$ cat coords.cif   # mmCIF, C-alpha atoms
data_upload
loop_
_atom_site.label_atom_id
_atom_site.label_comp_id
_atom_site.auth_asym_id
_atom_site.auth_seq_id
_atom_site.Cartn_x
_atom_site.Cartn_y
_atom_site.Cartn_z
CA MET A 119 29.33 125.23 117.15
CA ALA A 120 27.66 127.58 114.69
CA ASP A 121 29.64 129.25 111.92
CA GLY A 122 28.67 132.73 112.84
CA PRO A 123 30.30 133.01 116.25
CA ARG A 124 33.45 131.19 115.00
CA LYS A 125 34.02 133.73 112.24
CA SER A 126 33.54 136.55 114.68
CA SER A 127 35.80 134.83 117.21
CA TYR A 128 38.71 134.91 114.66
CA SER A 129 38.42 138.58 114.35
CA ALA A 130 38.30 138.72 118.07
CA ALA A 131 41.37 136.54 118.59
CA ASP A 132 43.79 139.38 118.74
CA SER A 133 41.70 141.05 121.34
CA GLY A 134 42.60 138.39 123.92
CA ASP A 135 39.27 136.57 123.80
CA PRO A 136 39.97 133.04 125.22
CA LEU A 137 37.38 131.42 122.99
CA ALA A 138 38.94 132.97 119.95
CA THR A 139 42.36 131.87 121.11
CA LEU A 140 41.05 128.34 121.52
CA MET A 141 39.57 128.41 118.07
CA ARG A 142 42.80 129.72 116.70
CA ALA A 143 44.71 126.95 118.46
CA ARG A 144 42.33 124.36 117.07
CA GLN A 145 42.85 125.73 113.56
CA LEU A 146 46.62 125.60 114.04
CA ILE A 147 46.39 121.98 115.19
CA HIS A 148 44.28 121.17 112.15
CA ASP A 149 46.81 122.83 109.84
CA ALA A 150 49.65 121.04 111.57
CA GLN A 151 47.86 117.70 111.17
CA ALA A 152 47.33 118.42 107.48
CA ALA A 153 51.03 119.27 107.12
CA ILE A 154 52.00 116.05 108.94
CA GLU A 155 49.74 114.02 106.66
CA GLU A 156 51.24 115.74 103.62
CA ALA A 157 54.74 115.01 104.89
CA HIS A 158 53.79 111.39 105.59
CA LYS A 159 52.45 111.03 102.07
CA SER A 160 55.65 112.49 100.69
CA VAL A 161 57.75 110.07 102.79
CA VAL A 162 55.65 107.14 101.56
CA GLN A 163 56.08 108.28 97.95
CA GLN A 164 59.83 108.65 98.40
CA ARG A 165 60.05 105.20 99.97
CA SER A 166 58.10 103.71 97.10
CA ALA A 167 60.33 105.50 94.57
CA SER A 168 63.46 104.27 96.31
CA GLN A 169 62.00 100.76 96.23
CA GLU A 170 61.50 101.11 92.44
CA ILE A 171 65.17 101.92 91.75
CA PRO A 172 66.50 98.38 92.32
CA GLU A 173 63.53 97.05 90.39
CA ARG A 174 64.38 99.32 87.46
CA GLU A 175 68.04 98.41 87.69
CA LEU A 176 67.04 94.76 87.53
CA ARG A 177 64.95 95.39 84.43
CA LEU A 178 67.80 97.32 82.85
CA ALA A 179 70.24 94.48 83.54
CA LYS A 180 67.76 92.00 82.07
CA ALA A 181 67.36 94.13 78.94
CA GLU A 182 71.15 94.38 78.65
CA ASN A 183 71.46 90.57 78.91
CA GLU A 184 68.81 90.12 76.25
CA ARG A 185 70.62 92.58 73.99
CA GLU A 186 73.88 90.66 74.41
CA GLU A 187 72.13 87.36 73.76
CA LEU A 188 70.56 88.76 70.59
CA ALA A 189 73.93 90.10 69.43
CA THR A 190 75.47 86.64 69.97
CA ARG A 191 72.61 84.99 68.09
CA LEU A 192 72.92 87.49 65.27
CA ALA A 193 76.64 86.73 64.97
CA GLU A 194 75.83 82.99 64.89
CA VAL A 195 73.20 83.50 62.21
CA GLU A 196 75.63 85.64 60.17
CA HIS A 197 78.19 82.85 60.46
CA GLN A 198 75.65 80.24 59.34
CA VAL A 199 74.68 82.43 56.40
CA GLY A 200 78.37 82.58 55.42
CA ARG A 201 78.63 78.78 55.64
CA LEU A 202 75.53 78.29 53.52
CA MET A 203 76.84 80.77 50.96
CA THR A 204 80.08 78.78 50.72
CA LEU A 205 78.17 75.53 50.16
CA TYR A 206 75.86 77.18 47.66
CA VAL A 207 78.72 78.66 45.64
CA ALA A 208 80.62 75.36 45.61
CA THR A 209 77.54 73.49 44.35
CA TYR A 210 76.68 76.20 41.84
CA GLN A 211 80.15 76.30 40.39
CA LEU A 212 80.45 72.51 40.12
CA HIS A 213 77.27 72.34 38.05
CA ALA A 214 77.87 75.54 36.08
CA THR A 215 79.70 73.76 33.27
CA LEU A 216 79.52 70.59 31.18
CA ASP A 217 83.21 70.62 30.32
CA PRO A 218 85.03 67.86 32.27
CA ALA A 219 88.23 69.96 32.43
CA ASP A 220 86.32 72.88 33.95
CA VAL A 221 84.66 70.62 36.53
CA GLN A 222 88.08 69.24 37.52
CA SER A 223 89.48 72.72 37.78
CA THR A 224 86.53 73.76 39.99
CA ILE A 225 87.23 70.80 42.29
CA GLY A 226 90.82 72.05 42.56
CA GLU A 227 89.64 75.60 43.31
CA ILE A 228 87.33 74.34 46.04
CA ALA A 229 90.17 72.33 47.57
CA VAL A 230 92.55 75.32 47.58
CA ASN A 231 90.26 78.27 48.27
CA LEU A 232 87.52 76.80 50.44
CA LEU A 233 89.26 73.93 52.22
CA GLY A 234 92.75 75.41 52.41
CA ALA A 235 94.47 72.43 50.77
CA GLU A 236 98.09 73.07 49.81
CA ARG A 237 98.80 69.59 48.45
CA PHE A 238 96.19 67.30 46.96
CA ALA A 239 95.41 64.97 44.08
CA LEU A 240 92.26 64.18 42.16
CA LEU A 241 91.98 60.55 41.15
CA LEU A 242 89.37 59.55 38.59
CA ARG A 243 88.43 56.25 36.99
CA ASP A 244 89.09 56.39 33.26
CA GLU A 245 86.33 55.87 30.73
CA ASP A 246 86.63 52.07 30.62
CA GLU A 247 86.85 52.09 34.46
CA SER A 248 89.98 49.95 34.54
CA ALA A 249 92.35 52.32 36.34
CA LEU A 250 92.39 55.47 38.42
CA GLU A 251 93.98 58.37 36.57
CA ILE A 252 95.66 61.20 38.44
CA ARG A 253 93.78 64.07 36.80
CA LEU A 254 95.00 66.87 39.01
CA GLN A 255 97.90 67.22 41.40
CA GLU A 256 98.89 70.27 43.40
CA GLY A 257 102.21 70.28 45.24
CA ALA A 258 104.60 67.40 45.82
CA ILE A 259 102.98 64.44 47.53
CA ASP A 260 105.16 62.03 49.46
CA ALA A 261 103.85 58.83 47.84
CA THR A 262 105.04 56.36 45.22
CA TRP A 263 102.15 57.25 42.91
CA SER A 264 102.82 60.99 43.14
CA GLY A 265 103.76 62.66 39.85
CA GLY A 266 102.64 59.64 37.81
CA THR A 267 99.65 59.28 35.55
CA SER A 268 97.69 56.67 37.45
CA TYR A 269 97.06 55.28 40.91
CA THR A 270 97.28 51.51 41.07
CA GLY A 271 96.68 50.99 44.77
CA GLY A 272 98.81 50.59 47.87
CA ASP A 273 97.71 53.49 50.04
CA PRO A 274 95.60 52.00 52.85
CA LEU A 275 93.43 55.08 53.37
CA ILE A 276 92.74 55.63 49.67
CA ASP A 277 92.11 51.93 49.04
CA ALA A 278 89.70 51.63 51.96
CA SER A 279 87.82 54.73 50.88
CA LEU A 280 87.56 53.60 47.27
CA LEU A 281 86.32 50.20 48.45
CA ASP A 282 83.51 51.28 50.78
CA GLY A 283 82.91 54.83 49.54
CA MET A 284 83.34 56.34 53.01
CA LEU A 285 84.98 59.64 53.82
CA ARG A 286 88.20 58.83 55.69
CA PHE A 287 90.55 60.89 57.79
CA GLY A 288 94.24 60.32 58.41
CA PRO A 289 96.82 60.09 59.53
CA VAL A 290 97.22 56.33 59.25
CA GLU A 291 100.36 54.30 58.80
CA ASN A 292 101.82 54.18 55.27
CA SER A 293 99.58 56.95 53.96
CA PRO A 294 100.35 60.65 53.54
CA ALA A 295 96.64 61.45 53.24
CA LEU A 296 94.93 63.77 55.73
CA VAL A 297 91.56 63.07 54.21
CA VAL A 298 90.22 61.01 51.33
CA VAL A 299 86.92 62.14 49.82
CA PRO A 300 85.38 59.41 47.68
CA LEU A 301 83.52 60.80 44.69
CA ARG A 302 80.32 58.77 44.42
CA VAL A 303 77.46 58.81 42.01
CA GLN A 304 74.59 56.29 42.12
CA ASP A 305 76.49 54.17 44.66
CA ILE A 306 79.51 53.91 42.39
CA THR A 307 82.83 55.42 43.43
CA VAL A 308 84.20 57.17 40.36
CA GLY A 309 87.26 58.65 42.02
CA ALA A 310 88.65 60.39 45.07
CA LEU A 311 90.06 63.68 46.21
CA VAL A 312 93.11 63.05 48.35
CA ILE A 313 94.34 65.94 50.49
CA THR A 314 97.78 65.46 52.01
CA LYS A 315 98.60 68.92 53.38
CA LEU A 316 96.72 72.02 54.43
CA PHE A 317 98.12 75.56 54.40
CA ASP A 318 99.91 76.29 57.65
CA HIS A 319 97.49 79.11 58.46
CA LYS A 320 94.54 76.76 57.94
CA GLY A 321 95.74 74.40 60.64
CA LYS A 322 93.19 71.59 60.57
CA LEU A 323 89.88 70.64 59.03
CA ASP A 324 86.99 71.58 61.32
CA GLU A 325 83.36 70.58 61.65
CA GLU A 326 82.30 73.09 58.98
CA ASP A 327 84.77 71.65 56.48
CA HIS A 328 83.10 68.25 56.86
CA ASP A 329 79.92 69.64 55.27
CA LEU A 330 81.96 70.85 52.33
CA LEU A 331 83.74 67.48 52.04
CA ASP A 332 80.37 65.70 52.05
CA LEU A 333 79.09 68.07 49.40
CA LEU A 334 82.19 67.51 47.27
CA GLY A 335 81.79 63.73 47.53
CA ALA A 336 78.30 63.86 46.06
CA HIS A 337 78.23 66.92 43.80
CA ALA A 338 81.72 66.69 42.32
CA ALA A 339 81.02 63.12 41.23
CA SER A 340 77.66 63.91 39.65
CA ALA A 341 79.06 67.02 37.95
CA LEU A 342 81.97 64.98 36.57
CA PHE A 343 79.64 62.17 35.50
CA ALA A 344 77.27 64.59 33.73
CA SER A 345 80.11 66.40 31.98
CA ARG A 346 81.64 63.11 30.80
CA VAL A 347 78.31 61.85 29.47
CA TYR A 348 77.77 65.16 27.72
CA SER A 349 81.23 65.27 26.16
CA ARG A 350 80.89 61.63 25.05
CA ALA A 351 77.50 62.39 23.48
CA ALA A 352 78.89 65.54 21.83
CA ARG A 353 81.81 63.52 20.44
CA LYS A 354 79.46 60.86 19.04
CA LEU A 355 77.27 63.56 17.56
CA ARG A 356 80.24 65.14 15.83
CA THR A 357 81.28 61.72 14.43
CA LEU A 358 77.76 61.09 13.16
CA GLU A 359 77.60 64.51 11.60
CA GLY A 360 80.91 63.84 9.87
CA LEU A 361 79.63 60.52 8.55
CA ILE A 362 76.42 62.07 7.28
CA LYS A 363 78.44 64.76 5.55
CA LEU A 364 80.62 62.10 3.91
CA VAL A 365 77.58 60.13 2.80
CA LYS A 366 76.02 63.25 1.35
CA GLN A 367 79.23 64.08 -0.52
CA GLY A 368 79.52 60.49 -1.80
CA MET B 115 75.18 93.18 58.49
CA ASN B 116 74.69 96.64 57.07
CA VAL B 117 78.36 97.45 56.57
CA VAL B 118 78.31 96.77 52.87
CA LYS B 119 76.61 99.88 51.57
CA THR B 120 76.19 100.10 47.84
CA ARG B 121 79.80 100.45 46.75
CA LYS B 122 81.79 99.81 43.63
CA VAL B 123 84.30 97.03 44.18
CA LEU B 124 86.97 95.91 41.74
CA VAL B 125 87.76 92.21 42.22
CA VAL B 126 91.09 91.12 40.74
CA GLU B 127 91.13 87.35 41.12
CA ASP B 128 91.81 84.42 38.78
CA SER B 129 89.43 81.93 40.38
CA ARG B 130 85.89 81.84 38.93
CA LEU B 131 84.75 80.16 42.11
CA ILE B 132 85.93 83.08 44.24
CA HIS B 133 84.39 85.61 41.85
CA LYS B 134 81.08 83.83 42.36
CA MET B 135 81.68 83.83 46.12
CA TYR B 136 82.14 87.62 46.17
CA GLU B 137 79.09 88.04 43.99
CA VAL B 138 77.00 86.21 46.58
CA MET B 139 78.68 87.61 49.69
CA LEU B 140 78.79 91.25 48.59
CA ARG B 141 75.38 91.30 46.95
CA PRO B 142 74.52 94.99 47.45
CA CYS B 143 77.86 96.04 45.95
CA MET B 144 78.51 96.66 42.29
CA LEU B 145 81.35 94.30 41.35
CA ILE B 146 83.79 94.82 38.50
CA ALA B 147 85.57 91.56 37.62
CA ALA B 148 89.16 91.16 36.44
CA HIS B 149 91.00 87.85 36.18
CA ASP B 150 94.62 89.02 36.44
CA GLY B 151 96.58 92.15 37.27
CA ARG B 152 96.76 93.36 33.69
CA GLU B 153 92.99 93.13 33.24
CA GLY B 154 92.64 94.74 36.67
CA LEU B 155 94.50 97.85 35.48
CA ALA B 156 92.33 98.02 32.37
CA ARG B 157 89.10 97.74 34.43
CA LEU B 158 90.38 100.37 36.84
CA GLY B 159 91.01 102.76 33.95
CA GLU B 160 87.42 102.25 32.82
CA ASN B 161 86.07 102.63 36.37
CA PRO B 162 88.07 105.33 38.17
CA ASP B 163 85.27 105.72 40.76
CA VAL B 164 85.98 102.32 42.35
CA ASP B 165 85.63 102.44 46.17
CA VAL B 166 87.57 99.30 47.12
CA ILE B 167 89.84 96.80 45.37
CA ILE B 168 89.88 93.14 46.44
CA LEU B 169 93.08 91.57 45.20
CA ASP B 170 94.48 88.06 44.89
CA ILE B 171 98.26 87.55 44.80
CA ASN B 172 98.92 84.52 42.60
CA MET B 173 97.57 85.30 39.16
CA PRO B 174 98.77 84.80 35.58
CA HIS B 175 100.23 87.64 33.44
CA MET B 176 100.55 90.12 36.32
CA THR B 177 100.59 89.17 40.01
CA GLY B 178 98.63 90.99 42.67
CA LEU B 179 101.75 92.63 44.09
CA GLU B 180 102.79 93.88 40.65
CA PHE B 181 99.29 95.26 40.15
CA LEU B 182 99.40 96.95 43.56
CA GLY B 183 102.81 98.47 42.80
CA GLN B 184 101.47 99.97 39.57
CA VAL B 185 98.29 101.30 41.21
CA LYS B 186 100.30 103.07 43.93
CA THR B 187 102.29 104.96 41.30
CA MET B 188 99.12 106.36 39.73
CA PRO B 189 98.03 109.43 41.70
CA GLU B 190 94.40 109.12 40.59
CA PHE B 191 94.13 105.58 42.00
CA ALA B 192 96.72 105.51 44.78
CA ALA B 193 94.20 106.35 47.50
CA ILE B 194 91.78 103.51 46.67
CA PRO B 195 91.93 101.02 49.57
CA VAL B 196 93.17 97.57 48.55
CA ILE B 197 92.29 94.40 50.47
CA ILE B 198 94.51 91.42 49.68
CA VAL B 199 92.75 88.05 49.89
CA SER B 200 95.22 85.25 49.26
CA THR B 201 96.22 81.69 50.10
CA GLU B 202 99.73 83.04 50.78
CA GLY B 203 99.51 83.14 54.55
CA LYS B 204 103.06 83.37 55.89
CA GLU B 205 103.96 86.36 58.05
CA GLU B 206 106.39 87.65 55.42
CA ASP B 207 103.66 87.43 52.75
CA VAL B 208 101.33 89.52 54.90
CA ALA B 209 104.09 92.04 55.66
CA ARG B 210 105.00 92.29 51.97
CA GLY B 211 101.38 92.95 51.02
CA LEU B 212 100.88 95.62 53.68
CA GLN B 213 104.21 97.27 52.84
CA ALA B 214 103.15 97.40 49.20
CA GLY B 215 100.19 99.52 50.27
CA ALA B 216 97.29 97.16 51.03
CA VAL B 217 95.07 98.29 53.92
CA ALA B 218 94.20 94.74 55.00
CA TYR B 219 95.26 91.15 54.35
CA LEU B 220 92.86 88.23 54.55
CA LYS B 221 93.98 84.61 54.24
CA LYS B 222 92.01 82.06 52.23
CA PRO B 223 89.89 80.26 53.19
CA PHE B 224 88.20 83.26 54.77
CA GLN B 225 84.98 83.86 56.66
CA ARG B 226 82.39 86.18 55.17
CA GLU B 227 82.10 88.10 58.46
CA ASP B 228 85.81 88.95 58.38
CA LEU B 229 85.60 90.41 54.88
CA LEU B 230 82.47 92.39 55.76
CA LYS B 231 84.16 93.71 58.90
CA ILE B 232 87.12 94.99 56.88
CA ILE B 233 84.89 96.63 54.28
CA GLY B 234 82.76 98.07 57.10
CA ARG B 235 85.87 99.48 58.77
CA LEU B 236 86.86 101.14 55.50
CA THR B 237 83.37 102.64 55.25
CA ILE B 238 83.65 104.16 58.71
CA ASN B 239 87.31 105.15 58.52
CA PRO B 240 88.31 105.65 54.91
CA PRO B 241 92.11 105.66 54.60
CA ALA B 242 93.72 109.06 54.24
CA ALA B 243 94.63 110.08 50.70
#

$ encode --input "coords.cif" --output "structure tokens"
Amino acid sequence: MADGPRKSSYSAADSGDPLATLMRARQLIHDAQAAIEEAHKSVVQQRSASQEIPERELRLAKAENEREELATRLAEVEHQVGRLMTLYVATYQLHATLDPADVQSTIGEIAVNLLGAERFALLLRDEDESALEIRLQEGAIDATWSGGTSYTGGDPLIDASLLDGMLRFGPVENSPALVVVPLRVQDITVGALVITKLFDHKGKLDEEDHDLLDLLGAHAASALFASRVYSRAARKLRTLEGLIKLVKQG
Amino acid sequence: MNVVKTRKVLVVEDSRLIHKMYEVMLRPCMLIAAHDGREGLARLGENPDVDVIILDINMPHMTGLEFLGQVKTMPEFAAIPVIIVSTEGKEEDVARGLQAGAVAYLKKPFQREDLLKIIGRLTINPPAA
């Protein structure tokens, strides 16, 4: 149908022209179809949006899980950093001095402040390596050697540890020791740290304390060895200087 | 952990090992060291702008509790929060420390996270003067 008559038929629609009415009806149908299509599109969009909601919720939950996992990992890393700091400070402080008395006192501070030891003793071989001197004792220890000046043997845990240089944990029969840390340098056991009681609030030694005990076994011994060698050398130097002075005066 | 903002902390503690520990753990903070209560009071007089005091109990010359008692009688320092860090871990020890005016009590050996949490809490909620 040509455009011309259709345009004129619209204007004629109100005049009761059947052709115009038909054209008008056709236009209405067309408009209605367009509206239906529009509505259909809208329904499809809404359906698709409603399908996206659970998907978004899933993604949100996943992100939340990842956040929690990262927070847990961060806490673990923070804890590890704290552990490493403790080990670093213990090592640093042991090697920060060449005075044997200071090294011994640092060993005591590590036992009390970092391990939570309430009662302990530090046994060290004397310079001619004949006996084990009790260099440091904190608290009353329920043992025959407690309060004396030397350890001559008899405690099964201490004796075994001194013999094979292994870290040993109690309790065992006839020994008050909770743990014996052999102090070893160049495969020689120069002494031992014997812990017989922890603070009540400390409870027990855990996995993390084992690292510190291992560190003590190696670093305390080498720090003690170095400080002894140094003080011996300093003593000899002073004697020599005195002799030279005497010779010069003579 | 970002809880330790740059703060001035007075550490009153007789152990050199623990002083070193704080130095490493509280790196962004400015630490003032004192080795007993008496020295602690002297350092506090020189540094009245201290934000937090970390205090040991068992020390020579003047104990931590004696130090705390003195600080609480000085109006210019009484509001400074005091954290006790001690090997004395019995319930009555903790109660005594808190009654004396400490805001927190940490038992040795302590975890770094716990100390940072306490300092962080003080940063967020400073105790009322």

$ interface_residues --input "coords.cif" --of "chain A" --to "chain B" --cutoff "8 Å" --atoms "all atoms listed in the file" --output "JSON list (two decimals) with C-alpha atoms, in the frame of the given file"
[["chain", "number", "residue", "atom", "x", "y", "z"],
["A", 196, "GLU", "CA", 75.63, 85.64, 60.17],
["A", 197, "HIS", "CA", 78.19, 82.85, 60.46],
["A", 200, "GLY", "CA", 78.37, 82.58, 55.42],
["A", 203, "MET", "CA", 76.84, 80.77, 50.96],
["A", 204, "THR", "CA", 80.08, 78.78, 50.72],
["A", 207, "VAL", "CA", 78.72, 78.66, 45.64],
["A", 208, "ALA", "CA", 80.62, 75.36, 45.61],
["A", 211, "GLN", "CA", 80.15, 76.30, 40.39],
["A", 224, "THR", "CA", 86.53, 73.76, 39.99],
["A", 227, "GLU", "CA", 89.64, 75.60, 43.31],
["A", 228, "ILE", "CA", 87.33, 74.34, 46.04],
["A", 230, "VAL", "CA", 92.55, 75.32, 47.58],
["A", 231, "ASN", "CA", 90.26, 78.27, 48.27],
["A", 232, "LEU", "CA", 87.52, 76.80, 50.44],
["A", 233, "LEU", "CA", 89.26, 73.93, 52.22],
["A", 234, "GLY", "CA", 92.75, 75.41, 52.41],
["A", 317, "PHE", "CA", 98.12, 75.56, 54.40],
["A", 318, "ASP", "CA", 99.91, 76.29, 57.65],
["A", 319, "HIS", "CA", 97.49, 79.11, 58.46],
["A", 320, "LYS", "CA", 94.54, 76.76, 57.94]]

$ resolve_selection --input "coords.cif" --expression "the PyMOL selection byres ((chain A and resi 311) around 8)" --output "tab-separated table (two decimals) with C-alpha atoms, in the coordinates of the input"
chain	number	residue	atom	x	y	z
A	238	PHE	CA	96.19	67.30	46.96
A	239	ALA	CA	95.41	64.97	44.08
A	240	LEU	CA	92.26	64.18	42.16
A	241	LEU	CA	91.98	60.55	41.15
A	298	VAL	CA	90.22	61.01	51.33
A	299	VAL	CA	86.92	62.14	49.82
A	300	PRO	CA	85.38	59.41	47.68
A	301	LEU	CA	83.52	60.80	44.69
A	309	GLY	CA	87.26	58.65	42.02
A	310	ALA	CA	88.65	60.39	45.07
A	312	VAL	CA	93.11	63.05	48.35
A	313	ILE	CA	94.34	65.94	50.49

$ axis_aligned_box --input "coords.cif" --around "region 226-245 of chain A" --padding-each-side "6 Å" --output "lines of an AutoDock Vina configuration file"
center_x = 92.6
center_y = 67.1
center_z = 41.6
size_x = 24.5
size_y = 34.4
size_z = 33.7

$ residues_around --input "coords.cif" --residues "Ile306 (chain A)" --least-positions-apart "4" --cutoff "10 Å" --atoms "only C-alpha atoms" --output "PyMOL selection string"
chain A and resi 280-283+300-302+339

$ resolve_selection --input "coords.cif" --expression "the PyMOL selection byres ((chain A and resi 341-347) around 7)" --output "mmCIF file with C-alpha atoms, in the frame of the given file"
data_model
loop_
_atom_site.group_PDB
_atom_site.id
_atom_site.type_symbol
_atom_site.label_atom_id
_atom_site.label_comp_id
_atom_site.auth_asym_id
_atom_site.auth_seq_id
_atom_site.Cartn_x
_atom_site.Cartn_y
_atom_site.Cartn_z
ATOM 1 C CA LEU A 212 80.450 72.510 40.120
ATOM 2 C CA HIS A 213 77.270 72.340 38.050
ATOM 3 C CA LEU A 216 79.520 70.590 31.180
ATOM 4 C CA ASP A 217 83.210 70.620 30.320
ATOM 5 C CA PRO A 218 85.030 67.860 32.270
ATOM 6 C CA VAL A 221 84.660 70.620 36.530
ATOM 7 C CA HIS A 337 78.230 66.920 43.800
ATOM 8 C CA ALA A 338 81.720 66.690 42.320
ATOM 9 C CA ALA A 339 81.020 63.120 41.230
ATOM 10 C CA SER A 340 77.660 63.910 39.650
ATOM 11 C CA TYR A 348 77.770 65.160 27.720
ATOM 12 C CA SER A 349 81.230 65.270 26.160
ATOM 13 C CA ARG A 350 80.890 61.630 25.050
ATOM 14 C CA ALA A 351 77.500 62.390 23.480
#

$ atom_distance --input "coords.cif" --atom1 "CA of Asp163 (chain B)" --atom2 "CA of Pro195 (chain B)"
12.0 Å

$ closest_residue --input "coords.cif" --among "B:Lys231, B:Asn161, B:Gly183, B:Val126" --to "Val199 (chain B)" --atoms "all atoms listed in the file"
B:Val126

$ atom_distance --input "coords.cif" --atom1 "CA of Asp207 (chain B)" --atom2 "CA of Val199 (chain A)"
29.6 Å

$ residues_around --input "coords.cif" --residues "Val185 (chain B)" --least-positions-apart "2" --cutoff "10 Å" --atoms "all atoms listed in the file" --output "PyMOL selection string"
chain B and resi 154-155+158+179-183+187-194+196+215

$ closest_residue --input "coords.cif" --among "B:Val164, B:Leu145, B:Ala218, B:Ile171" --to "Arg235 (chain B)" --atoms "all atoms listed in the file"
B:Ala218

$ closest_residue --input "coords.cif" --among "B:Lys186, B:Ile146, B:Leu236, B:Ala156" --to "Val217 (chain B)" --atoms "all atoms listed in the file"
B:Leu236

$ residues_near_point --input "coords.cif" --point "(100.5, 66.4, 43.4)" --cutoff "7 Å" --atoms "all atoms listed in the file" --output "number ranges by chain"
A: 237-239, 255-259, 264-265

$ build_atoms --input "coords.cif" --residues "region 137-148 of chain A" --atoms "N, CA, C and O atoms" --output "PDB file, in the coordinates of the input"
ATOM      1  N   LEU A 137      38.065 132.313 123.929  1.00  0.00           N
ATOM      2  CA  LEU A 137      37.380 131.420 122.990  1.00  0.00           C
ATOM      3  C   LEU A 137      38.023 131.527 121.594  1.00  0.00           C
ATOM      4  O   LEU A 137      38.268 130.520 120.930  1.00  0.00           O
ATOM      5  N   ALA A 138      38.310 132.755 121.256  1.00  0.00           N
ATOM      6  CA  ALA A 138      38.940 132.970 119.950  1.00  0.00           C
ATOM      7  C   ALA A 138      40.336 132.347 119.917  1.00  0.00           C
ATOM      8  O   ALA A 138      40.750 131.748 118.912  1.00  0.00           O
ATOM      9  N   THR A 139      41.028 132.466 121.030  1.00  0.00           N
ATOM     10  CA  THR A 139      42.360 131.870 121.110  1.00  0.00           C
ATOM     11  C   THR A 139      42.275 130.361 120.946  1.00  0.00           C
ATOM     12  O   THR A 139      43.087 129.722 120.254  1.00  0.00           O
ATOM     13  N   LEU A 140      41.267 129.795 121.613  1.00  0.00           N
ATOM     14  CA  LEU A 140      41.050 128.340 121.520  1.00  0.00           C
ATOM     15  C   LEU A 140      40.766 127.920 120.072  1.00  0.00           C
ATOM     16  O   LEU A 140      41.314 126.935 119.575  1.00  0.00           O
ATOM     17  N   MET A 141      39.914 128.723 119.454  1.00  0.00           N
ATOM     18  CA  MET A 141      39.570 128.410 118.070  1.00  0.00           C
ATOM     19  C   MET A 141      40.817 128.507 117.156  1.00  0.00           C
ATOM     20  O   MET A 141      41.028 127.682 116.277  1.00  0.00           O
ATOM     21  N   ARG A 142      41.567 129.506 117.489  1.00  0.00           N
ATOM     22  CA  ARG A 142      42.800 129.720 116.700  1.00  0.00           C
ATOM     23  C   ARG A 142      43.757 128.539 116.891  1.00  0.00           C
ATOM     24  O   ARG A 142      44.354 128.036 115.921  1.00  0.00           O
ATOM     25  N   ALA A 143      43.843 128.086 118.134  1.00  0.00           N
ATOM     26  CA  ALA A 143      44.710 126.950 118.460  1.00  0.00           C
ATOM     27  C   ALA A 143      44.232 125.696 117.742  1.00  0.00           C
ATOM     28  O   ALA A 143      45.028 124.915 117.188  1.00  0.00           O
ATOM     29  N   ARG A 144      42.893 125.534 117.735  1.00  0.00           N
ATOM     30  CA  ARG A 144      42.330 124.360 117.070  1.00  0.00           C
ATOM     31  C   ARG A 144      42.654 124.391 115.567  1.00  0.00           C
ATOM     32  O   ARG A 144      42.979 123.379 114.971  1.00  0.00           O
ATOM     33  N   GLN A 145      42.562 125.586 115.006  1.00  0.00           N
ATOM     34  CA  GLN A 145      42.850 125.730 113.560  1.00  0.00           C
ATOM     35  C   GLN A 145      44.321 125.388 113.278  1.00  0.00           C
ATOM     36  O   GLN A 145      44.648 124.709 112.307  1.00  0.00           O
ATOM     37  N   LEU A 146      45.178 125.870 114.200  1.00  0.00           N
ATOM     38  CA  LEU A 146      46.620 125.600 114.040  1.00  0.00           C
ATOM     39  C   LEU A 146      46.903 124.102 114.099  1.00  0.00           C
ATOM     40  O   LEU A 146      47.698 123.558 113.333  1.00  0.00           O
ATOM     41  N   ILE A 147      46.223 123.440 115.060  1.00  0.00           N
ATOM     42  CA  ILE A 147      46.390 121.980 115.190  1.00  0.00           C
ATOM     43  C   ILE A 147      45.941 121.294 113.898  1.00  0.00           C
ATOM     44  O   ILE A 147      46.599 120.395 113.380  1.00  0.00           O
ATOM     45  N   HIS A 148      44.822 121.760 113.386  1.00  0.00           N
ATOM     46  CA  HIS A 148      44.280 121.170 112.150  1.00  0.00           C
ATOM     47  C   HIS A 148      45.279 121.337 110.996  1.00  0.00           C
ATOM     48  O   HIS A 148      45.551 120.403 110.236  1.00  0.00           O
TER      49      HIS A 148
END
